[in-house]
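What's in target_11.cif: mmCIF, C-alpha atoms
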data_run
loop_
_atom_site.group_PDB
_atom_site.id
_atom_site.type_symbol
_atom_site.label_atom_id
_atom_site.label_comp_id
_atom_site.auth_asym_id
_atom_site.auth_seq_id
_atom_site.Cartn_x
_atom_site.Cartn_y
_atom_site.Cartn_z
ATOM 1 C CA MET A 1 67.819 92.150 103.703
ATOM 2 C CA SER A 2 68.341 90.188 100.505
ATOM 3 C CA LYS A 3 71.646 88.542 99.736
ATOM 4 C CA PRO A 4 73.577 90.189 96.896
ATOM 5 C CA THR A 5 73.999 88.072 93.797
ATOM 6 C CA GLN A 6 77.734 88.775 93.698
ATOM 7 C CA VAL A 7 79.708 89.168 96.896
ATOM 8 C CA ARG A 8 82.511 91.674 96.559
ATOM 9 C CA ALA A 9 85.230 91.990 99.183
ATOM 10 C CA ILE A 10 88.050 94.400 99.851
ATOM 11 C CA TYR A 11 91.439 93.536 101.365
ATOM 12 C CA PRO A 12 92.898 96.860 102.528
ATOM 13 C CA GLY A 13 96.468 97.493 103.613
ATOM 14 C CA THR A 14 99.633 99.424 102.935
ATOM 15 C CA PHE A 15 101.499 96.456 101.395
ATOM 16 C CA ASP A 16 104.887 98.115 101.920
ATOM 17 C CA PRO A 17 106.068 95.763 100.554
ATOM 18 C CA VAL A 18 103.727 92.974 99.551
ATOM 19 C CA HIS A 19 105.001 89.685 100.982
ATOM 20 C CA ASN A 20 104.036 86.036 100.661
ATOM 21 C CA GLY A 21 101.724 86.247 103.679
ATOM 22 C CA HIS A 22 99.688 88.945 101.911
ATOM 23 C CA ILE A 23 99.601 86.887 98.732
ATOM 24 C CA ASP A 24 98.382 83.856 100.679
ATOM 25 C CA ILE A 25 95.502 85.865 102.194
ATOM 26 C CA VAL A 26 94.602 87.217 98.729
ATOM 27 C CA ALA A 27 94.566 83.751 97.144
ATOM 28 C CA ARG A 28 92.411 82.311 99.917
ATOM 29 C CA ALA A 29 89.989 85.273 100.014
ATOM 30 C CA ALA A 30 89.678 85.177 96.212
ATOM 31 C CA ARG A 31 88.295 81.632 96.524
ATOM 32 C CA LEU A 32 85.627 82.837 98.965
ATOM 33 C CA PHE A 33 84.285 85.869 97.116
ATOM 34 C CA ASP A 34 83.132 86.633 93.594
ATOM 35 C CA HIS A 35 85.523 89.572 93.407
ATOM 36 C CA LEU A 36 88.310 90.775 95.695
ATOM 37 C CA THR A 37 89.781 94.251 95.501
ATOM 38 C CA VAL A 38 93.226 94.567 97.039
ATOM 39 C CA ALA A 39 93.128 98.191 98.153
ATOM 40 C CA ILE A 40 96.368 100.021 98.869
ATOM 41 C CA TYR A 41 95.955 102.733 101.457
ATOM 42 C CA ALA A 42 97.842 105.782 100.196
ATOM 43 C CA ARG A 43 97.885 107.811 103.441
ATOM 44 C CA PRO A 44 99.074 105.587 106.294
ATOM 45 C CA LEU A 45 100.454 106.886 109.583
ATOM 46 C CA LYS A 46 103.774 105.187 108.980
ATOM 47 C CA ASN A 47 106.924 105.792 107.032
ATOM 48 C CA LEU A 48 106.857 104.045 103.691
ATOM 49 C CA LEU A 49 109.682 102.533 101.695
ATOM 50 C CA PHE A 50 107.751 102.468 98.405
ATOM 51 C CA THR A 51 105.486 105.016 96.769
ATOM 52 C CA THR A 52 101.832 104.198 96.225
ATOM 53 C CA GLU A 53 102.530 103.657 92.509
ATOM 54 C CA GLU A 54 105.425 101.290 93.262
ATOM 55 C CA ARG A 55 103.321 99.298 95.715
ATOM 56 C CA LYS A 56 100.511 99.035 93.168
ATOM 57 C CA ALA A 57 102.878 97.864 90.419
ATOM 58 C CA MET A 58 104.381 95.212 92.724
ATOM 59 C CA LEU A 59 100.922 93.936 93.702
ATOM 60 C CA LEU A 60 99.725 93.855 90.099
ATOM 61 C CA GLU A 61 102.735 91.750 89.138
ATOM 62 C CA ALA A 62 102.396 89.462 92.171
ATOM 63 C CA LEU A 63 98.664 88.865 91.594
ATOM 64 C CA HIS A 64 98.494 88.847 87.797
ATOM 65 C CA ASP A 65 97.344 85.219 87.666
ATOM 66 C CA VAL A 66 94.419 85.541 90.107
ATOM 67 C CA PRO A 67 91.421 86.148 87.808
ATOM 68 C CA ASN A 68 88.893 87.665 90.207
ATOM 69 C CA VAL A 69 91.257 90.115 91.910
ATOM 70 C CA SER A 70 91.829 93.767 91.126
ATOM 71 C CA VAL A 71 94.283 96.209 92.690
ATOM 72 C CA SER A 72 93.451 99.818 93.456
ATOM 73 C CA THR A 73 94.479 102.685 95.710
ATOM 74 C CA TYR A 74 92.423 104.833 98.033
ATOM 75 C CA ARG A 75 92.819 107.856 100.329
ATOM 76 C CA GLN A 76 89.625 107.892 102.393
ATOM 77 C CA LEU A 77 88.141 105.826 105.188
ATOM 78 C CA THR A 78 88.259 102.148 104.287
ATOM 79 C CA VAL A 79 84.505 101.750 104.793
ATOM 80 C CA ASP A 80 83.820 104.720 102.492
ATOM 81 C CA TYR A 81 86.003 103.148 99.828
ATOM 82 C CA ALA A 82 84.288 99.785 100.352
ATOM 83 C CA ARG A 83 80.937 101.478 99.763
ATOM 84 C CA GLN A 84 82.308 103.266 96.692
ATOM 85 C CA ILE A 85 83.261 99.965 95.048
ATOM 86 C CA ASP A 86 80.153 98.121 96.321
ATOM 87 C CA ALA A 87 82.112 95.774 98.589
ATOM 88 C CA GLN A 88 80.029 94.004 101.225
ATOM 89 C CA VAL A 89 82.979 92.511 103.129
ATOM 90 C CA VAL A 90 86.318 93.738 104.467
ATOM 91 C CA VAL A 91 88.982 91.018 104.727
ATOM 92 C CA ARG A 92 91.908 91.197 107.115
ATOM 93 C CA GLY A 93 94.646 88.729 108.007
ATOM 94 C CA LEU A 94 95.659 87.594 111.485
ATOM 95 C CA ARG A 95 99.177 86.358 112.215
ATOM 96 C CA VAL A 96 99.540 86.375 115.980
ATOM 97 C CA ILE A 97 97.429 87.002 119.071
ATOM 98 C CA SER A 98 98.492 90.652 119.270
ATOM 99 C CA ASP A 99 97.008 91.232 115.790
ATOM 100 C CA PHE A 100 93.608 90.209 117.125
ATOM 101 C CA GLU A 101 93.355 93.156 119.517
ATOM 102 C CA LEU A 102 94.007 95.742 116.841
ATOM 103 C CA GLU A 103 91.839 94.005 114.238
ATOM 104 C CA PHE A 104 88.986 93.602 116.734
ATOM 105 C CA GLN A 105 89.124 97.305 117.632
ATOM 106 C CA MET A 106 89.249 98.321 113.959
ATOM 107 C CA ALA A 107 86.368 95.983 113.076
ATOM 108 C CA LEU A 108 84.166 97.366 115.850
ATOM 109 C CA THR A 109 84.972 100.947 114.859
ATOM 110 C CA ASN A 110 84.306 100.237 111.189
ATOM 111 C CA LYS A 111 81.092 98.382 112.046
ATOM 112 C CA LYS A 112 79.915 101.491 113.897
ATOM 113 C CA LEU A 113 80.694 103.593 110.811
ATOM 114 C CA ALA A 114 79.265 101.083 108.307
ATOM 115 C CA PRO A 115 76.880 98.563 109.893
ATOM 116 C CA GLU A 116 76.000 97.123 106.474
ATOM 117 C CA ILE A 117 79.565 95.921 105.827
ATOM 118 C CA GLU A 118 80.842 92.651 107.282
ATOM 119 C CA PHE A 119 84.384 92.167 108.566
ATOM 120 C CA ILE A 120 86.212 88.862 108.466
ATOM 121 C CA CYS A 121 89.710 87.812 109.448
ATOM 122 C CA LEU A 122 91.569 84.944 107.852
ATOM 123 C CA MET A 123 94.201 83.230 109.945
ATOM 124 C CA THR A 124 97.593 83.259 108.312
ATOM 125 C CA SER A 125 98.953 80.036 106.974
ATOM 126 C CA GLN A 126 101.490 78.620 109.399
ATOM 127 C CA GLU A 127 104.481 79.090 107.081
ATOM 128 C CA TYR A 128 103.835 82.866 106.963
ATOM 129 C CA ALA A 129 103.009 83.524 110.622
ATOM 130 C CA PHE A 130 106.377 85.179 111.235
ATOM 131 C CA LEU A 131 106.140 87.559 108.264
ATOM 132 C CA SER A 132 105.473 91.257 108.504
ATOM 133 C CA ALA A 133 106.420 94.016 106.100
ATOM 134 C CA SER A 134 108.548 95.636 108.819
ATOM 135 C CA THR A 135 110.482 92.402 109.378
ATOM 136 C CA VAL A 136 111.024 91.913 105.646
ATOM 137 C CA LYS A 137 112.220 95.514 105.229
ATOM 138 C CA GLU A 138 114.655 95.255 108.127
ATOM 139 C CA ILE A 139 116.132 91.996 106.861
ATOM 140 C CA ALA A 140 116.549 93.466 103.363
ATOM 141 C CA MET A 141 117.977 96.723 104.712
ATOM 142 C CA LEU A 142 120.641 94.805 106.621
ATOM 143 C CA GLY A 143 121.588 92.759 103.559
ATOM 144 C CA GLY A 144 119.756 89.555 104.491
ATOM 145 C CA CYS A 145 118.052 87.257 102.030
ATOM 146 C CA VAL A 146 114.284 87.721 101.681
ATOM 147 C CA ASP A 147 113.862 85.485 98.619
ATOM 148 C CA THR A 148 111.515 83.051 100.405
ATOM 149 C CA MET A 149 109.468 85.862 101.975
ATOM 150 C CA VAL A 150 108.525 87.992 98.976
ATOM 151 C CA PRO A 151 108.101 87.543 95.222
ATOM 152 C CA SER A 152 111.383 87.890 93.300
ATOM 153 C CA HIS A 153 110.424 91.257 91.782
ATOM 154 C CA VAL A 154 109.780 92.639 95.284
ATOM 155 C CA ALA A 155 113.144 91.333 96.548
ATOM 156 C CA ALA A 156 114.827 93.048 93.592
ATOM 157 C CA ALA A 157 112.989 96.320 94.267
ATOM 158 C CA MET A 158 114.036 96.251 97.936
ATOM 159 C CA SER A 159 117.609 95.474 96.974
ATOM 160 C CA THR A 160 117.612 98.539 94.722
ATOM 161 C CA LYS A 161 116.111 100.744 97.460
ATOM 162 C CA PHE A 162 118.667 99.602 100.016
ATOM 163 C CA GLU A 163 121.671 99.410 97.687
ATOM 164 C CA GLY A 164 124.758 100.593 99.546
ATOM 165 C CA THR A 165 123.039 100.978 102.919
ATOM 166 C CA ALA A 166 123.324 97.463 104.390
ATOM 167 C CA GLY A 167 124.520 97.741 107.960
ATOM 168 C CA SER A 168 125.581 101.388 107.725
ATOM 169 C CA GLY A 169 123.142 102.586 110.369
ATOM 170 C CA GLU A 170 122.591 105.744 108.321
ATOM 171 C CA GLU A 171 119.407 104.697 106.546
ATOM 172 C CA SER A 172 116.636 107.224 106.175
ATOM 173 C CA VAL A 173 113.934 104.547 106.389
ATOM 174 C CA ARG A 174 112.358 104.204 109.832
ATOM 175 C CA LEU A 175 110.811 100.788 110.339
ATOM 176 C CA VAL A 176 107.998 101.729 112.676
ATOM 177 C CA SER A 177 104.550 100.353 111.987
ATOM 178 C CA LEU A 178 101.121 100.244 113.569
ATOM 179 C CA ARG A 179 100.705 96.900 111.819
ATOM 180 C CA ASP A 180 101.573 95.545 108.440
#
Kindly present the structure from the file in structure tokens form.
Amino acid sequence: MSKPTQVRAIYPGTFDPVHNGHIDIVARAARLFDHLTVAIYARPLKNLLFTTEERKAMLLEALHDVPNVSVSTYRQLTVDYARQIDAQVVVRGLRVISDFELEFQMALTNKKLAPEIEFICLMTSQEYAFLSASTVKEIAMLGGCVDTMVPSHVAAAMSTKFEGTAGSGEESVRLVSLRD
């Protein structure tokens, strides 16, 4: 098998919301590949705070200065979307040991479905190891400060979503996640 002249990668996720840990993985993966597509999964098995369009707009703003990165959405199997955009690699991030189990299982399953696609995991940078979208959402929902965890436009968007609900216990947003 010959090596492609340009190596394209895909970084899939729900990004609900995008946080600094995601941005760190994007910046580091963008240095490794000729092109990185940040792919927002539009049909996750979790309750979302933001619409697909809102998540895309937040990612576009957060990543506007990374030249070899594009942002898109998809609704099919990740490996089918990777094939559709000619990506040879799927990038995932690992924060903690428990992430490894899920990522390993997903990688093996995806490898069975698409043996021609490689799967790599980048370890989170230490300063973002505690971050997850669920944690960020809960802190914001309860009126806490997330300014050091997300870009300022994302903090503002969460503030708007949660306006008037901090601590009421009546929120309609369930913060249950398979993994963010």
Original post:
Which residues come within 12 Å of A:Ile10, counting all atoms listed in the file, excluding same-chain residues fewer than 6 positions away, as a PyMOL selection string?
Top reply: chain A and resi 25-26+29-30+32-41+68-74+78-93+117-121
Subject >> Pairwise distance for atom CA of A:Asn110 and atom CA of A:Gly13, rounded to one decimal in Å >> reply: 14.6 Å
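For A:Leu131, the list of residues within 9 Å, based on all atoms listed in the file and with local chain neighbours fewer than 2 positions off taken out, reads His19, Asn20, Gly21, Arg95, Glu127, Tyr128, Ala129, Ala133, Ser134, Thr135, Val136 and Met149 of chain A.
You can rank A:Thr14, A:Ala27, A:Ala114, A:Val7 by their closest distance to A:Leu48 using all atoms listed in the file, and at the top of that list sits A:Thr14.
The interatomic distance for the pair atom CA of A:Val96 and atom CA of A:Gly144 works out to 23.5 Å.
When all atoms listed in the file are used to measure the gap to A:Met123, the shortest distance among A:Pro17, A:Ser152, A:Glu103, A:Cys145 belongs to A:Glu103.
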Run through the PyMOL selection byres ((chain A and resi 75) around 6) on the given coordinates and return the selected residues as an mmCIF file with C-alpha atoms, in the coordinates of the input.
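Wrote out32.cif, looks like this:
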data_model
loop_
_atom_site.group_PDB
_atom_site.id
_atom_site.type_symbol
_atom_site.label_atom_id
_atom_site.label_comp_id
_atom_site.auth_asym_id
_atom_site.auth_seq_id
_atom_site.Cartn_x
_atom_site.Cartn_y
_atom_site.Cartn_z
ATOM 1 C CA ALA A 42 97.842 105.782 100.196
ATOM 2 C CA ARG A 43 97.885 107.811 103.441
ATOM 3 C CA TYR A 74 92.423 104.833 98.033
ATOM 4 C CA GLN A 76 89.625 107.892 102.393
#
**OP:** One decimal, Å: what's the distance from atom CA of A:Thr5 over to atom CA of A:Leu77, could you say?
**Re:** 25.4 Å
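Among A:Glu61, A:Asp99, A:Glu116, A:Glu163, the residue with the shortest atom-to-atom distance to A:Ile23, counting all atoms listed in the file, is A:Glu61.
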Reconstructed N, CA and C atoms for stretch 59-84 of chain A, given as a PDB file, in the frame of the given file:
ATOM      1  N   LEU A  59     102.098  94.785  93.472  1.00  0.00           N
ATOM      2  CA  LEU A  59     100.922  93.936  93.702  1.00  0.00           C
ATOM      3  C   LEU A  59     100.340  93.432  92.387  1.00  0.00           C
ATOM      4  N   LEU A  60     100.249  94.291  91.394  1.00  0.00           N
ATOM      5  CA  LEU A  60      99.725  93.855  90.099  1.00  0.00           C
ATOM      6  C   LEU A  60     100.556  92.714  89.532  1.00  0.00           C
ATOM      7  N   GLU A  61     101.870  92.818  89.643  1.00  0.00           N
ATOM      8  CA  GLU A  61     102.735  91.750  89.138  1.00  0.00           C
ATOM      9  C   GLU A  61     102.575  90.477  89.969  1.00  0.00           C
ATOM     10  N   ALA A  62     102.499  90.625  91.284  1.00  0.00           N
ATOM     11  CA  ALA A  62     102.396  89.462  92.171  1.00  0.00           C
ATOM     12  C   ALA A  62     101.065  88.721  92.007  1.00  0.00           C
ATOM     13  N   LEU A  63     100.011  89.452  91.638  1.00  0.00           N
ATOM     14  CA  LEU A  63      98.664  88.865  91.594  1.00  0.00           C
ATOM     15  C   LEU A  63      98.113  88.711  90.180  1.00  0.00           C
ATOM     16  N   HIS A  64      98.965  88.845  89.185  1.00  0.00           N
ATOM     17  CA  HIS A  64      98.494  88.847  87.797  1.00  0.00           C
ATOM     18  C   HIS A  64      97.749  87.583  87.389  1.00  0.00           C
ATOM     19  N   ASP A  65      97.985  86.477  88.068  1.00  0.00           N
ATOM     20  CA  ASP A  65      97.344  85.219  87.666  1.00  0.00           C
ATOM     21  C   ASP A  65      96.104  84.871  88.486  1.00  0.00           C
ATOM     22  N   VAL A  66      95.643  85.783  89.333  1.00  0.00           N
ATOM     23  CA  VAL A  66      94.419  85.541  90.107  1.00  0.00           C
ATOM     24  C   VAL A  66      93.288  86.277  89.385  1.00  0.00           C
ATOM     25  N   PRO A  67      92.375  85.532  88.732  1.00  0.00           N
ATOM     26  CA  PRO A  67      91.421  86.148  87.808  1.00  0.00           C
ATOM     27  C   PRO A  67      90.386  87.083  88.434  1.00  0.00           C
ATOM     28  N   ASN A  68      89.965  86.845  89.642  1.00  0.00           N
ATOM     29  CA  ASN A  68      88.893  87.665  90.207  1.00  0.00           C
ATOM     30  C   ASN A  68      89.409  88.693  91.217  1.00  0.00           C
ATOM     31  N   VAL A  69      90.644  89.142  91.021  1.00  0.00           N
ATOM     32  CA  VAL A  69      91.257  90.115  91.910  1.00  0.00           C
ATOM     33  C   VAL A  69      91.647  91.354  91.122  1.00  0.00           C
ATOM     34  N   SER A  70      91.348  92.506  91.695  1.00  0.00           N
ATOM     35  CA  SER A  70      91.829  93.767  91.126  1.00  0.00           C
ATOM     36  C   SER A  70      92.625  94.490  92.202  1.00  0.00           C
ATOM     37  N   VAL A  71      93.452  95.434  91.778  1.00  0.00           N
ATOM     38  CA  VAL A  71      94.283  96.209  92.690  1.00  0.00           C
ATOM     39  C   VAL A  71      93.968  97.680  92.468  1.00  0.00           C
ATOM     40  N   SER A  72      93.748  98.393  93.562  1.00  0.00           N
ATOM     41  CA  SER A  72      93.451  99.818  93.456  1.00  0.00           C
ATOM     42  C   SER A  72      94.078 100.551  94.633  1.00  0.00           C
ATOM     43  N   THR A  73      93.988 101.861  94.603  1.00  0.00           N
ATOM     44  CA  THR A  73      94.479 102.685  95.710  1.00  0.00           C
ATOM     45  C   THR A  73      93.328 103.546  96.221  1.00  0.00           C
ATOM     46  N   TYR A  74      93.457 103.962  97.473  1.00  0.00           N
ATOM     47  CA  TYR A  74      92.423 104.833  98.033  1.00  0.00           C
ATOM     48  C   TYR A  74      93.029 105.737  99.097  1.00  0.00           C
ATOM     49  N   ARG A  75      92.312 106.853  99.392  1.00  0.00           N
ATOM     50  CA  ARG A  75      92.819 107.856 100.329  1.00  0.00           C
ATOM     51  C   ARG A  75      91.788 108.240 101.387  1.00  0.00           C
ATOM     52  N   GLN A  76      90.675 107.546 101.438  1.00  0.00           N
ATOM     53  CA  GLN A  76      89.625 107.892 102.393  1.00  0.00           C
ATOM     54  C   GLN A  76      89.461 106.784 103.425  1.00  0.00           C
ATOM     55  N   LEU A  77      88.451 106.895 104.251  1.00  0.00           N
ATOM     56  CA  LEU A  77      88.141 105.826 105.188  1.00  0.00           C
ATOM     57  C   LEU A  77      87.931 104.525 104.410  1.00  0.00           C
ATOM     58  N   THR A  78      88.404 103.443 104.956  1.00  0.00           N
ATOM     59  CA  THR A  78      88.259 102.148 104.287  1.00  0.00           C
ATOM     60  C   THR A  78      86.797 101.824 104.020  1.00  0.00           C
ATOM     61  N   VAL A  79      85.928 102.078 104.991  1.00  0.00           N
ATOM     62  CA  VAL A  79      84.505 101.750 104.793  1.00  0.00           C
ATOM     63  C   VAL A  79      83.885 102.618 103.701  1.00  0.00           C
ATOM     64  N   ASP A  80      84.331 103.874 103.574  1.00  0.00           N
ATOM     65  CA  ASP A  80      83.820 104.720 102.492  1.00  0.00           C
ATOM     66  C   ASP A  80      84.282 104.191 101.141  1.00  0.00           C
ATOM     67  N   TYR A  81      85.518 103.723 101.079  1.00  0.00           N
ATOM     68  CA  TYR A  81      86.003 103.148  99.828  1.00  0.00           C
ATOM     69  C   TYR A  81      85.276 101.837  99.527  1.00  0.00           C
ATOM     70  N   ALA A  82      85.043 101.033 100.543  1.00  0.00           N
ATOM     71  CA  ALA A  82      84.288  99.785 100.352  1.00  0.00           C
ATOM     72  C   ALA A  82      82.910 100.082  99.774  1.00  0.00           C
ATOM     73  N   ARG A  83      82.240 101.089 100.309  1.00  0.00           N
ATOM     74  CA  ARG A  83      80.937 101.478  99.763  1.00  0.00           C
ATOM     75  C   ARG A  83      81.066 101.931  98.306  1.00  0.00           C
ATOM     76  N   GLN A  84      82.092 102.724  98.038  1.00  0.00           N
ATOM     77  CA  GLN A  84      82.308 103.266  96.692  1.00  0.00           C
ATOM     78  C   GLN A  84      82.442 102.167  95.647  1.00  0.00           C
TER      79      GLN A  84
END
